[in-house]
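A.B. asks: Below: one structure in structure tokens.
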Amino acid sequence: MPVNNRLKDIRHDHRMNQTEFANFLDISIYQYNRYENGARQPTLEIALQISEKVKRPVNDIFYLTEEAPS
């Protein structure tokens, strides 16, 4: 099952662009951009750090989706 995220929505809630939000999360803009666009998944440690920074449960930020049937 693929992991998706709500990082873009959360970033918009904070009224920040990607660079500002990456700085807020203490990660590089390159790394953040890859997370937001689903090109890469954060480690559990980074996911927990993001959760603490934005004050939301991890499963409110990152979630599993069903794969489309073949």
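Going through the structure tokens in order, the chains are called A, B, and so on, while each chain numbers its residues from 1 and the ligands are numbered from 1 in the order shown.
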Just want the 8 Å neighbourhood of A:Asn5, counted on only C-alpha atoms, with same-chain residues fewer than 3 positions away dropped. Output as a VMD selection string.

C.D. replies: chain A and resid 36 38 61 to 63

A.B. asks: I'd like the neighbourhood of stretch 8-23 of chain A as a list in words, where a residue qualifies if any of its atoms comes within 9 Å (using only C-alpha atoms), though same-chain residues fewer than 6 positions away should be ignored.

C.D. replies: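 Non-adjacent residues within range: Ile29, Tyr30, Gln31, Tyr32, Asn33, Glu36, Asn37, Val54 and Ile61 of chain A.
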
A.B. asks: Name the residues in contact with A:Glu66 at a cut-off of 12 Å, using only C-alpha atoms, excluding same-chain residues fewer than 5 positions from it; report them as a VMD selection string.

C.D. replies: chain A and resid 1 to 4

A.B. asks: Restricting it to N, CA and C atoms, dump the selection as a PDB file, in the first residue's frame.

C.D. replies:
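The result, stored in again_5.pdb:
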ATOM      1  N   MET A   1       0.836  -1.183   0.000  1.00  0.00           N
ATOM      2  CA  MET A   1       0.000   0.000   0.000  1.00  0.00           C
ATOM      3  C   MET A   1       0.882   1.247   0.000  1.00  0.00           C
ATOM      4  N   PRO A   2       0.634   2.144  -0.914  1.00  0.00           N
ATOM      5  CA  PRO A   2       1.418   3.391  -0.954  1.00  0.00           C
ATOM      6  C   PRO A   2       1.105   4.306   0.237  1.00  0.00           C
ATOM      7  N   VAL A   3       2.124   5.032   0.656  1.00  0.00           N
ATOM      8  CA  VAL A   3       1.965   6.024   1.720  1.00  0.00           C
ATOM      9  C   VAL A   3       1.811   7.392   1.070  1.00  0.00           C
ATOM     10  N   ASN A   4       0.764   8.095   1.439  1.00  0.00           N
ATOM     11  CA  ASN A   4       0.539   9.465   0.978  1.00  0.00           C
ATOM     12  C   ASN A   4       0.674  10.398   2.164  1.00  0.00           C
TER      13      ASN A   4
END

A.B. asks: Enumerate, as a ChimeraX atom specification, the complete set of residues in chain A that a backbone-based DSSP assignment places in helix (DSSP H, G or I).

C.D. replies: /A:7-13,18-25,29-36,44-54,58-61

A.B. asks: Which parts of chain A does DSSP call strand (DSSP E) when run on the backbone here, written out as a list of chain:residue names?

C.D. replies: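 Of chain A, only A:Val3, A:Asn4, A:Asn5, A:Phe62, A:Tyr63, A:Leu64 fall in strand (DSSP E).
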
A.B. asks: Can you work out the spacing between atom CA of A:Glu52 and atom CA of A:Thr65 in Å, to one decimal?

C.D. replies: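 It comes out at 23.1 Å.
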
A.B. asks: Between A:Ile46, A:Ala39, A:Val58, A:Leu64, single out the one closest to A:Leu25, counting only C-alpha atoms.

C.D. replies: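 The shortest atom-to-atom distance to A:Leu25 comes from A:Ile46.
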
A.B. asks: Could you check how far atom CA of A:Ile27 sits from atom CA of A:Glu67, in Å to one decimal?

C.D. replies: 29.4 Å

A.B. asks: So which one's closest to A:Asn59, A:Arg6, A:Glu45, A:Tyr35, A:Asp26? Using only C-alpha atoms, please.

C.D. replies: A:Arg6
